[in-house]
Amino acid sequence: MHSMQPMSVGIVIVAAGRGERAGSPEEGPKQYRPIGGRSVIAHTLEKFVTWPQAAKIVIVIHRDDETLLQAALQQLAESPEVGIAFGGASRQQSVLAGLRQLENSGVTHVMIHDAVRPFCDHALLDRVAAALAAGAPAVLPAMPVTDTLKRAGADAQVTETVSRAGLYAAQTPQSFRFADILAAHEKAAAENKTDFTDDAAIAEWRSLPVTLVAGSSDNVKLTVKRDIAMADEKLSAGLLPDVRTGNGYDVHQLEPGDGVTLCGVFIPHDQKLKGHSDADVALHALTDALLATCGAGDIGDHFPPSDPQWKGAPSRIFIEHAAKIVRDHGGTIMNADVSLIAEAPKVGPHREAMRAKLSEFLGISLERCSVKATTNEKIGFVGRREGIAAIATATVVYRGGKA
């Protein structure tokens, strides 16, 4: 060891890049794009948050990304204690910002890791830490180069075959004695030297010996859009789709009137449905079915009949609110099915209009909306035309899946 004090390892996660090579800028920086139901950076952070030797963690982000980072932190099993630093125009400046935040924190060593390498594992971190503990001032996980390498000129003509002997592909976390790498970065900044491609290169420039340890073939950097798609496939392969089904039941009493509203469609009739809102029994049942898929209570919890503001209100308010709750929980509505039980009026002539309304209210295609009707064979309160009942089923797929 460099000194007698016990080793304390700080972590700097570099996440300030804009990820231009990943394409689709409208999807945001690549470190926040989803793979396996969570953002790339959430997967990366989890590896360090759960690693027993991590003493302090600092995440270096772009100033525009605070909201994205907070959302990513909420995807972790437990809310970690992390420091946040704001990066600069280059990776080198961002690393220095992270190192400065760790200054005076008591860490003796630091691991500097790319946020877009979500597949590093604890075995790799243990190998790096062991080399630090053995006294190495700088440790670089790396993989021997296996591809044949060619050098070519600007005219795309090969000029030579480069020997692979002794060549390695560098990975992260690149790890150092804290004081040494901070001083090296500060020196580089003071001298305006900005052409280093990684932190090990800065250590080499300051004549710090860099020790190689075995990297991991899984510890790939997600650079282009296809990398992200392949990572998503890899992480999603072992997940069961999170498909949930909810059902709802409602009934409203009939009384003399001029018509009923079912699935948002008014049907002239010699009776009307009695209720605080427009008494659309179909939409009320479907609202409950949707809320059931994410454990969000029932329609009465969100729209109490005792609240005067809902008197005579159109039930599309209720169904659209339930759909929003589902989406806010990460759900995608796949199917909505309503069965109406009534002696009259006849639903058949209005079925397509009802399906169209469901499609509109829920924001899903018409083929995913089903409306059926049956009588009660003149049995019971429905058979006596005292009321109309509805049974509804909703199928929703939630992001993430289950292992």
# chains A, B, ... in the order shown; residues from 1 in each chain; ligands from 1

$ select_by_dssp --residues "segment 42-132 of chain A" --states "alpha helix (DSSP H)" --output "PDB file with N, CA and C atoms, in the first residue's frame"
ATOM      1  N   ALA A  42     -29.016   3.389 -14.723  1.00  0.00           N
ATOM      2  CA  ALA A  42     -29.543   2.702 -13.535  1.00  0.00           C
ATOM      3  C   ALA A  42     -28.874   1.337 -13.388  1.00  0.00           C
ATOM      4  N   HIS A  43     -28.713   0.620 -14.506  1.00  0.00           N
ATOM      5  CA  HIS A  43     -28.017  -0.672 -14.465  1.00  0.00           C
ATOM      6  C   HIS A  43     -26.574  -0.490 -14.005  1.00  0.00           C
ATOM      7  N   THR A  44     -25.902   0.532 -14.548  1.00  0.00           N
ATOM      8  CA  THR A  44     -24.499   0.790 -14.187  1.00  0.00           C
ATOM      9  C   THR A  44     -24.387   1.127 -12.702  1.00  0.00           C
ATOM     10  N   LEU A  45     -25.216   2.041 -12.250  1.00  0.00           N
ATOM     11  CA  LEU A  45     -25.168   2.479 -10.852  1.00  0.00           C
ATOM     12  C   LEU A  45     -25.400   1.328  -9.893  1.00  0.00           C
ATOM     13  N   GLU A  46     -26.331   0.441 -10.255  1.00  0.00           N
ATOM     14  CA  GLU A  46     -26.646  -0.663  -9.352  1.00  0.00           C
ATOM     15  C   GLU A  46     -25.410  -1.508  -9.050  1.00  0.00           C
ATOM     16  N   LYS A  47     -24.537  -1.674 -10.068  1.00  0.00           N
ATOM     17  CA  LYS A  47     -23.325  -2.475  -9.867  1.00  0.00           C
ATOM     18  C   LYS A  47     -22.446  -1.854  -8.777  1.00  0.00           C
ATOM     19  N   PHE A  48     -22.380  -0.519  -8.740  1.00  0.00           N
ATOM     20  CA  PHE A  48     -21.508   0.150  -7.763  1.00  0.00           C
ATOM     21  C   PHE A  48     -22.200   0.354  -6.421  1.00  0.00           C
ATOM     22  N   VAL A  49     -23.479   0.657  -6.460  1.00  0.00           N
ATOM     23  CA  VAL A  49     -24.243   0.858  -5.218  1.00  0.00           C
ATOM     24  C   VAL A  49     -24.232  -0.422  -4.381  1.00  0.00           C
ATOM     25  N   GLU A  66     -30.649  16.739 -15.001  1.00  0.00           N
ATOM     26  CA  GLU A  66     -30.966  16.454 -13.592  1.00  0.00           C
ATOM     27  C   GLU A  66     -32.254  15.649 -13.449  1.00  0.00           C
ATOM     28  N   THR A  67     -33.276  16.022 -14.210  1.00  0.00           N
ATOM     29  CA  THR A  67     -34.558  15.313 -14.118  1.00  0.00           C
ATOM     30  C   THR A  67     -34.402  13.869 -14.586  1.00  0.00           C
ATOM     31  N   LEU A  68     -33.643  13.667 -15.669  1.00  0.00           N
ATOM     32  CA  LEU A  68     -33.406  12.306 -16.180  1.00  0.00           C
ATOM     33  C   LEU A  68     -32.674  11.462 -15.132  1.00  0.00           C
ATOM     34  N   LEU A  69     -31.688  12.065 -14.446  1.00  0.00           N
ATOM     35  CA  LEU A  69     -30.954  11.300 -13.435  1.00  0.00           C
ATOM     36  C   LEU A  69     -31.854  10.932 -12.265  1.00  0.00           C
ATOM     37  N   GLN A  70     -32.676  11.869 -11.822  1.00  0.00           N
ATOM     38  CA  GLN A  70     -33.575  11.570 -10.687  1.00  0.00           C
ATOM     39  C   GLN A  70     -34.513  10.427 -11.041  1.00  0.00           C
ATOM     40  N   ALA A  71     -34.995  10.411 -12.277  1.00  0.00           N
ATOM     41  CA  ALA A  71     -35.869   9.306 -12.716  1.00  0.00           C
ATOM     42  C   ALA A  71     -35.104   7.987 -12.703  1.00  0.00           C
ATOM     43  N   ALA A  72     -33.833   8.028 -13.121  1.00  0.00           N
ATOM     44  CA  ALA A  72     -33.010   6.808 -13.136  1.00  0.00           C
ATOM     45  C   ALA A  72     -32.747   6.310 -11.715  1.00  0.00           C
ATOM     46  N   LEU A  73     -32.504   7.232 -10.786  1.00  0.00           N
ATOM     47  CA  LEU A  73     -32.233   6.838  -9.403  1.00  0.00           C
ATOM     48  C   LEU A  73     -33.445   6.151  -8.782  1.00  0.00           C
ATOM     49  N   ARG A  91     -14.919  14.899 -21.914  1.00  0.00           N
ATOM     50  CA  ARG A  91     -14.886  13.869 -20.872  1.00  0.00           C
ATOM     51  C   ARG A  91     -13.832  14.205 -19.833  1.00  0.00           C
ATOM     52  N   GLN A  92     -12.693  14.698 -20.302  1.00  0.00           N
ATOM     53  CA  GLN A  92     -11.599  15.026 -19.383  1.00  0.00           C
ATOM     54  C   GLN A  92     -12.037  16.068 -18.353  1.00  0.00           C
ATOM     55  N   GLN A  93     -12.740  17.094 -18.812  1.00  0.00           N
ATOM     56  CA  GLN A  93     -13.229  18.126 -17.890  1.00  0.00           C
ATOM     57  C   GLN A  93     -14.258  17.550 -16.923  1.00  0.00           C
ATOM     58  N   SER A  94     -15.078  16.637 -17.427  1.00  0.00           N
ATOM     59  CA  SER A  94     -16.109  16.030 -16.573  1.00  0.00           C
ATOM     60  C   SER A  94     -15.483  15.181 -15.472  1.00  0.00           C
ATOM     61  N   VAL A  95     -14.454  14.400 -15.825  1.00  0.00           N
ATOM     62  CA  VAL A  95     -13.775  13.585 -14.814  1.00  0.00           C
ATOM     63  C   VAL A  95     -13.173  14.477 -13.734  1.00  0.00           C
ATOM     64  N   LEU A  96     -12.549  15.587 -14.150  1.00  0.00           N
ATOM     65  CA  LEU A  96     -11.944  16.491 -13.174  1.00  0.00           C
ATOM     66  C   LEU A  96     -13.003  17.064 -12.225  1.00  0.00           C
ATOM     67  N   ALA A  97     -14.172  17.378 -12.770  1.00  0.00           N
ATOM     68  CA  ALA A  97     -15.256  17.880 -11.913  1.00  0.00           C
ATOM     69  C   ALA A  97     -15.657  16.833 -10.878  1.00  0.00           C
ATOM     70  N   GLY A  98     -15.715  15.567 -11.291  1.00  0.00           N
ATOM     71  CA  GLY A  98     -16.054  14.493 -10.361  1.00  0.00           C
ATOM     72  C   GLY A  98     -14.982  14.282  -9.310  1.00  0.00           C
ATOM     73  N   LEU A  99     -13.713  14.342  -9.728  1.00  0.00           N
ATOM     74  CA  LEU A  99     -12.602  14.182  -8.784  1.00  0.00           C
ATOM     75  C   LEU A  99     -12.601  15.307  -7.753  1.00  0.00           C
ATOM     76  N   ARG A 100     -12.838  16.521  -8.214  1.00  0.00           N
ATOM     77  CA  ARG A 100     -12.850  17.661  -7.281  1.00  0.00           C
ATOM     78  C   ARG A 100     -13.940  17.496  -6.229  1.00  0.00           C
ATOM     79  N   GLN A 101     -15.062  16.894  -6.632  1.00  0.00           N
ATOM     80  CA  GLN A 101     -16.136  16.707  -5.662  1.00  0.00           C
ATOM     81  C   GLN A 101     -15.766  15.682  -4.600  1.00  0.00           C
ATOM     82  N   LEU A 102     -14.878  14.745  -4.944  1.00  0.00           N
ATOM     83  CA  LEU A 102     -14.446  13.729  -3.974  1.00  0.00           C
ATOM     84  C   LEU A 102     -13.322  14.227  -3.068  1.00  0.00           C
ATOM     85  N   HIS A 122     -19.164  -7.354 -10.270  1.00  0.00           N
ATOM     86  CA  HIS A 122     -18.416  -7.261  -9.018  1.00  0.00           C
ATOM     87  C   HIS A 122     -17.081  -7.997  -9.088  1.00  0.00           C
ATOM     88  N   ALA A 123     -17.008  -9.076  -9.861  1.00  0.00           N
ATOM     89  CA  ALA A 123     -15.743  -9.807  -9.992  1.00  0.00           C
ATOM     90  C   ALA A 123     -14.681  -8.902 -10.609  1.00  0.00           C
ATOM     91  N   LEU A 124     -15.069  -8.125 -11.614  1.00  0.00           N
ATOM     92  CA  LEU A 124     -14.129  -7.189 -12.236  1.00  0.00           C
ATOM     93  C   LEU A 124     -13.706  -6.114 -11.241  1.00  0.00           C
ATOM     94  N   LEU A 125     -14.674  -5.555 -10.519  1.00  0.00           N
ATOM     95  CA  LEU A 125     -14.356  -4.519  -9.525  1.00  0.00           C
ATOM     96  C   LEU A 125     -13.433  -5.083  -8.445  1.00  0.00           C
ATOM     97  N   ASP A 126     -13.664  -6.326  -8.045  1.00  0.00           N
ATOM     98  CA  ASP A 126     -12.805  -6.958  -7.035  1.00  0.00           C
ATOM     99  C   ASP A 126     -11.368  -7.110  -7.550  1.00  0.00           C
ATOM    100  N   ARG A 127     -11.224  -7.478  -8.845  1.00  0.00           N
ATOM    101  CA  ARG A 127      -9.872  -7.631  -9.425  1.00  0.00           C
ATOM    102  C   ARG A 127      -9.125  -6.298  -9.417  1.00  0.00           C
ATOM    103  N   VAL A 128      -9.833  -5.240  -9.802  1.00  0.00           N
ATOM    104  CA  VAL A 128      -9.223  -3.911  -9.827  1.00  0.00           C
ATOM    105  C   VAL A 128      -8.836  -3.480  -8.408  1.00  0.00           C
ATOM    106  N   ALA A 129      -9.758  -3.681  -7.458  1.00  0.00           N
ATOM    107  CA  ALA A 129      -9.504  -3.276  -6.068  1.00  0.00           C
ATOM    108  C   ALA A 129      -8.326  -4.046  -5.478  1.00  0.00           C
ATOM    109  N   ALA A 130      -8.201  -5.328  -5.825  1.00  0.00           N
ATOM    110  CA  ALA A 130      -7.096  -6.142  -5.303  1.00  0.00           C
ATOM    111  C   ALA A 130      -5.757  -5.597  -5.783  1.00  0.00           C
ATOM    112  N   ALA A 131      -5.724  -5.159  -7.043  1.00  0.00           N
ATOM    113  CA  ALA A 131      -4.468  -4.593  -7.570  1.00  0.00           C
ATOM    114  C   ALA A 131      -4.143  -3.269  -6.883  1.00  0.00           C
ATOM    115  N   LEU A 132      -5.164  -2.459  -6.619  1.00  0.00           N
ATOM    116  CA  LEU A 132      -4.937  -1.213  -5.872  1.00  0.00           C
ATOM    117  C   LEU A 132      -4.418  -1.520  -4.469  1.00  0.00           C
TER     118      LEU A 132
END

$ residues_around --residues "Arg384 of chain A" --least-positions-apart "4" --cutoff "12 Å" --atoms "only C-alpha atoms" --output "VMD selection string"
chain A and resid 253 to 254 342 to 344 375 to 380 388

$ closest_residue --among "A:Thr223, A:Thr161, A:Ser339, A:Ser217" --to "Arg33 of chain A" --atoms "only C-alpha atoms"
A:Thr223

$ closest_residue --among "A:Lys274, A:Arg38, A:Lys372, A:His185" --to "Ile202 of chain A" --atoms "only C-alpha atoms"
A:His185

$ residues_around --residues "Glu360 of chain A" --least-positions-apart "6" --cutoff "12 Å" --atoms "only C-alpha atoms" --output "JSON list (two decimals) with N, CA and C atoms, in the first residue's frame"
[["chain", "number", "residue", "atom", "x", "y", "z"],
["A", 263, "CYS", "N", -70.94, 3.59, -22.76],
["A", 263, "CYS", "CA", -69.66, 3.74, -23.47],
["A", 263, "CYS", "C", -69.55, 5.10, -24.15],
["A", 264, "GLY", "N", -70.11, 6.12, -23.51],
["A", 264, "GLY", "CA", -70.02, 7.47, -24.05],
["A", 264, "GLY", "C", -71.00, 7.78, -25.17],
["A", 316, "ARG", "N", -66.38, 10.09, -19.42],
["A", 316, "ARG", "CA", -65.09, 10.07, -20.13],
["A", 316, "ARG", "C", -64.00, 10.67, -19.25],
["A", 319, "ILE", "N", -62.69, 7.69, -17.18],
["A", 319, "ILE", "CA", -61.93, 6.68, -17.93],
["A", 319, "ILE", "C", -60.59, 7.24, -18.39],
["A", 320, "GLU", "N", -60.57, 8.52, -18.80],
["A", 320, "GLU", "CA", -59.32, 9.14, -19.26],
["A", 320, "GLU", "C", -58.36, 9.33, -18.08],
["A", 323, "ALA", "N", -56.85, 5.93, -17.41],
["A", 323, "ALA", "CA", -55.85, 5.61, -18.44],
["A", 323, "ALA", "C", -54.54, 6.35, -18.16],
["A", 353, "ALA", "N", -70.17, 2.52, -32.69],
["A", 353, "ALA", "CA", -69.97, 3.87, -32.15],
["A", 353, "ALA", "C", -69.36, 3.78, -30.75],
["A", 354, "MET", "N", -69.79, 2.79, -29.97],
["A", 354, "MET", "CA", -69.24, 2.60, -28.63],
["A", 354, "MET", "C", -67.77, 2.21, -28.68],
["A", 366, "LEU", "N", -58.96, 0.66, -32.62],
["A", 366, "LEU", "CA", -60.33, 0.16, -32.56],
["A", 366, "LEU", "C", -60.37, -1.35, -32.35],
["A", 368, "ARG", "N", -58.63, -3.13, -30.60],
["A", 368, "ARG", "CA", -58.35, -3.49, -29.21],
["A", 368, "ARG", "C", -59.53, -3.17, -28.28],
["A", 369, "CYS", "N", -60.63, -2.71, -28.86],
["A", 369, "CYS", "CA", -61.80, -2.33, -28.06],
["A", 369, "CYS", "C", -62.98, -3.24, -28.42]]

$ residues_around --residues "Thr395 of chain A" --least-positions-apart "4" --cutoff "10 Å" --atoms "only C-alpha atoms" --output "PyMOL selection string"
chain A and resi 243-247+289-290+293+331-337+368

$ write_last_selection --atoms "N, CA and C atoms" --output "mmCIF file, in the first residue's frame"
data_model
loop_
_atom_site.group_PDB
_atom_site.id
_atom_site.type_symbol
_atom_site.label_atom_id
_atom_site.label_comp_id
_atom_site.auth_asym_id
_atom_site.auth_seq_id
_atom_site.Cartn_x
_atom_site.Cartn_y
_atom_site.Cartn_z
ATOM 1 N N VAL A 243 -47.661 -8.711 -17.785
ATOM 2 C CA VAL A 243 -49.027 -8.539 -18.297
ATOM 3 C C VAL A 243 -50.006 -8.648 -17.130
ATOM 4 N N ARG A 244 -50.848 -7.645 -16.986
ATOM 5 C CA ARG A 244 -51.809 -7.653 -15.877
ATOM 6 C C ARG A 244 -53.233 -7.477 -16.422
ATOM 7 N N THR A 245 -54.154 -8.139 -15.774
ATOM 8 C CA THR A 245 -55.563 -8.062 -16.162
ATOM 9 C C THR A 245 -56.376 -7.564 -14.972
ATOM 10 N N GLY A 246 -57.233 -6.592 -15.232
ATOM 11 C CA GLY A 246 -58.132 -6.095 -14.189
ATOM 12 C C GLY A 246 -59.567 -6.245 -14.637
ATOM 13 N N ASN A 247 -60.456 -6.448 -13.682
ATOM 14 C CA ASN A 247 -61.870 -6.456 -14.064
ATOM 15 C C ASN A 247 -62.663 -5.493 -13.194
ATOM 16 N N ALA A 289 -61.632 -1.516 -13.870
ATOM 17 C CA ALA A 289 -60.763 -2.555 -14.430
ATOM 18 C C ALA A 289 -59.361 -2.011 -14.686
ATOM 19 N N LEU A 290 -59.277 -0.801 -15.223
ATOM 20 C CA LEU A 290 -57.969 -0.192 -15.487
ATOM 21 C C LEU A 290 -57.223 0.088 -14.189
ATOM 22 N N THR A 293 -55.305 -2.777 -12.509
ATOM 23 C CA THR A 293 -54.048 -3.322 -13.045
ATOM 24 C C THR A 293 -52.819 -2.744 -12.355
ATOM 25 N N GLY A 331 -47.635 1.597 -17.737
ATOM 26 C CA GLY A 331 -48.471 0.617 -18.418
ATOM 27 C C GLY A 331 -48.852 1.025 -19.833
ATOM 28 N N THR A 332 -49.023 0.025 -20.684
ATOM 29 C CA THR A 332 -49.556 0.222 -22.034
ATOM 30 C C THR A 332 -50.838 -0.584 -22.135
ATOM 31 N N ILE A 333 -51.943 0.096 -22.401
ATOM 32 C CA ILE A 333 -53.245 -0.574 -22.479
ATOM 33 C C ILE A 333 -53.308 -1.373 -23.777
ATOM 34 N N MET A 334 -53.525 -2.672 -23.648
ATOM 35 C CA MET A 334 -53.522 -3.550 -24.814
ATOM 36 C C MET A 334 -54.930 -3.878 -25.300
ATOM 37 N N ASN A 335 -55.883 -3.906 -24.351
ATOM 38 C CA ASN A 335 -57.214 -4.388 -24.729
ATOM 39 C C ASN A 335 -58.233 -3.917 -23.693
ATOM 40 N N ALA A 336 -59.424 -3.554 -24.165
ATOM 41 C CA ALA A 336 -60.528 -3.202 -23.270
ATOM 42 C C ALA A 336 -61.775 -3.923 -23.756
ATOM 43 N N ASP A 337 -62.435 -4.620 -22.842
ATOM 44 C CA ASP A 337 -63.597 -5.439 -23.210
ATOM 45 C C ASP A 337 -64.734 -5.134 -22.241
ATOM 46 N N ARG A 368 -58.628 -3.134 -30.598
ATOM 47 C CA ARG A 368 -58.348 -3.495 -29.206
ATOM 48 C C ARG A 368 -59.528 -3.175 -28.278
#

$ residues_around --residues "Gln31 of chain A" --least-positions-apart "5" --cutoff "7 Å" --atoms "only C-alpha atoms" --output "list in words"
Ala15, Ser39, Val40, Ile41, Ala115 and Val116 of chain A

$ residues_around --residues "Gly166 of chain A" --least-positions-apart "6" --cutoff "12 Å" --atoms "only C-alpha atoms" --output "list of chain:residue names"
A:Ala142, A:Met143, A:Pro144, A:Val145, A:Thr146, A:Leu212

$ select_by_dssp --residues "segment 165-276 of chain A" --states "strand (DSSP E or B)" --output "PyMOL selection string"
chain A and resi 168-170+174-177+210-214+240-256+259-262+265-268+271-273

$ write_last_selection --atoms "C-alpha atoms" --output "PDB file, in the first residue's frame"
ATOM      1  CA  TYR A 168      -4.937  -4.437 -25.301  1.00  0.00           C
ATOM      2  CA  ALA A 169      -8.336  -2.741 -25.531  1.00  0.00           C
ATOM      3  CA  ALA A 170      -8.853  -0.480 -22.517  1.00  0.00           C
ATOM      4  CA  GLN A 174      -9.804   2.931 -14.622  1.00  0.00           C
ATOM      5  CA  SER A 175      -8.607   3.209 -11.064  1.00  0.00           C
ATOM      6  CA  PHE A 176      -5.955   5.196  -9.236  1.00  0.00           C
ATOM      7  CA  ARG A 177      -4.554   6.479  -5.997  1.00  0.00           C
ATOM      8  CA  VAL A 210      -0.291   1.541 -15.025  1.00  0.00           C
ATOM      9  CA  THR A 211      -0.991  -2.100 -14.138  1.00  0.00           C
ATOM     10  CA  LEU A 212      -3.263  -4.217 -16.338  1.00  0.00           C
ATOM     11  CA  VAL A 213      -5.857  -6.567 -14.890  1.00  0.00           C
ATOM     12  CA  ALA A 214      -8.171  -8.848 -16.838  1.00  0.00           C
ATOM     13  CA  LEU A 240     -41.423 -12.585 -18.304  1.00  0.00           C
ATOM     14  CA  PRO A 241     -43.639  -9.888 -19.787  1.00  0.00           C
ATOM     15  CA  ASP A 242     -45.479  -8.020 -17.033  1.00  0.00           C
ATOM     16  CA  VAL A 243     -49.027  -8.539 -18.297  1.00  0.00           C
ATOM     17  CA  ARG A 244     -51.809  -7.653 -15.877  1.00  0.00           C
ATOM     18  CA  THR A 245     -55.563  -8.062 -16.162  1.00  0.00           C
ATOM     19  CA  GLY A 246     -58.132  -6.095 -14.189  1.00  0.00           C
ATOM     20  CA  ASN A 247     -61.870  -6.456 -14.064  1.00  0.00           C
ATOM     21  CA  GLY A 248     -64.661  -4.177 -12.990  1.00  0.00           C
ATOM     22  CA  TYR A 249     -68.365  -4.526 -12.311  1.00  0.00           C
ATOM     23  CA  ASP A 250     -70.982  -1.813 -12.011  1.00  0.00           C
ATOM     24  CA  VAL A 251     -74.746  -1.512 -11.971  1.00  0.00           C
ATOM     25  CA  HIS A 252     -77.066   1.477 -12.135  1.00  0.00           C
ATOM     26  CA  GLN A 253     -80.772   1.688 -11.500  1.00  0.00           C
ATOM     27  CA  LEU A 254     -83.156   2.629 -14.298  1.00  0.00           C
ATOM     28  CA  GLU A 255     -85.867   5.266 -13.866  1.00  0.00           C
ATOM     29  CA  PRO A 256     -88.257   7.056 -16.250  1.00  0.00           C
ATOM     30  CA  GLY A 259     -82.321   7.768 -22.795  1.00  0.00           C
ATOM     31  CA  VAL A 260     -79.151   6.159 -21.452  1.00  0.00           C
ATOM     32  CA  THR A 261     -75.451   6.831 -22.019  1.00  0.00           C
ATOM     33  CA  LEU A 262     -73.365   3.685 -22.504  1.00  0.00           C
ATOM     34  CA  VAL A 265     -72.839   7.029 -26.591  1.00  0.00           C
ATOM     35  CA  PHE A 266     -76.340   8.427 -25.857  1.00  0.00           C
ATOM     36  CA  ILE A 267     -79.145   6.045 -26.828  1.00  0.00           C
ATOM     37  CA  PRO A 268     -82.739   7.411 -26.823  1.00  0.00           C
ATOM     38  CA  GLN A 271     -85.778   5.216 -19.240  1.00  0.00           C
ATOM     39  CA  LYS A 272     -82.548   6.756 -17.970  1.00  0.00           C
ATOM     40  CA  LEU A 273     -79.831   5.532 -15.619  1.00  0.00           C
TER      41      LEU A 273
END

$ residues_around --residues "Phe86 of chain A" --least-positions-apart "4" --cutoff "6 Å" --atoms "only C-alpha atoms" --output "list in words"
Val60, Ile61, His62 and Arg63 of chain A

$ decode --residues "segment 148-170 of chain A" --atoms "N, CA and C atoms" --output "tab-separated table (two decimals), in the first residue's frame"
chain	number	residue	atom	x	y	z
A	148	THR	N	-7.36	-9.04	-36.14
A	148	THR	CA	-6.17	-8.62	-36.88
A	148	THR	C	-6.29	-7.13	-37.17
A	149	LEU	N	-5.21	-6.40	-36.92
A	149	LEU	CA	-5.25	-4.95	-37.07
A	149	LEU	C	-4.51	-4.53	-38.34
A	150	LYS	N	-5.07	-3.60	-39.08
A	150	LYS	CA	-4.47	-3.07	-40.30
A	150	LYS	C	-4.31	-1.55	-40.15
A	151	ARG	N	-3.23	-1.04	-40.71
A	151	ARG	CA	-3.07	0.41	-40.79
A	151	ARG	C	-3.28	0.80	-42.25
A	152	ALA	N	-4.05	1.86	-42.47
A	152	ALA	CA	-4.35	2.29	-43.84
A	152	ALA	C	-4.15	3.80	-43.95
A	153	GLY	N	-3.92	4.24	-45.16
A	153	GLY	CA	-3.77	5.66	-45.42
A	153	GLY	C	-5.11	6.31	-45.69
A	154	ALA	N	-5.09	7.60	-45.98
A	154	ALA	CA	-6.32	8.35	-46.25
A	154	ALA	C	-7.04	7.82	-47.48
A	155	ASP	N	-6.30	7.11	-48.35
A	155	ASP	CA	-6.90	6.59	-49.58
A	155	ASP	C	-7.54	5.22	-49.37
A	156	ALA	N	-7.65	4.78	-48.07
A	156	ALA	CA	-8.27	3.51	-47.71
A	156	ALA	C	-7.47	2.31	-48.20
A	157	GLN	N	-6.22	2.53	-48.55
A	157	GLN	CA	-5.35	1.42	-48.95
A	157	GLN	C	-4.52	0.96	-47.75
A	158	VAL	N	-4.49	-0.35	-47.51
A	158	VAL	CA	-3.74	-0.89	-46.37
A	158	VAL	C	-2.25	-0.67	-46.59
A	159	THR	N	-1.61	-0.13	-45.56
A	159	THR	CA	-0.16	0.08	-45.63
A	159	THR	C	0.61	-0.97	-44.85
A	160	GLU	N	-0.02	-1.54	-43.82
A	160	GLU	CA	0.68	-2.60	-43.09
A	160	GLU	C	-0.30	-3.36	-42.20
A	161	THR	N	0.10	-4.54	-41.82
A	161	THR	CA	-0.59	-5.32	-40.80
A	161	THR	C	0.13	-5.10	-39.48
A	162	VAL	N	-0.62	-4.71	-38.46
A	162	VAL	CA	-0.03	-4.37	-37.17
A	162	VAL	C	-0.05	-5.61	-36.28
A	163	SER	N	1.07	-5.92	-35.67
A	163	SER	CA	1.14	-7.07	-34.78
A	163	SER	C	0.25	-6.85	-33.56
A	164	ARG	N	-0.50	-7.89	-33.17
A	164	ARG	CA	-1.37	-7.78	-31.99
A	164	ARG	C	-0.61	-8.04	-30.70
A	165	ALA	N	0.62	-8.48	-30.80
A	165	ALA	CA	1.38	-8.85	-29.60
A	165	ALA	C	1.46	-7.67	-28.65
A	166	GLY	N	1.02	-7.89	-27.41
A	166	GLY	CA	1.11	-6.83	-26.39
A	166	GLY	C	0.07	-5.74	-26.53
A	167	LEU	N	-0.91	-5.89	-27.42
A	167	LEU	CA	-1.94	-4.86	-27.59
A	167	LEU	C	-3.20	-5.23	-26.79
A	168	TYR	N	-3.76	-4.23	-26.14
A	168	TYR	CA	-4.94	-4.44	-25.30
A	168	TYR	C	-5.97	-3.35	-25.57
A	169	ALA	N	-7.24	-3.72	-25.44
A	169	ALA	CA	-8.34	-2.74	-25.53
A	169	ALA	C	-8.70	-2.31	-24.11
A	170	ALA	N	-8.62	-1.01	-23.86
A	170	ALA	CA	-8.85	-0.48	-22.52
A	170	ALA	C	-10.34	-0.45	-22.18
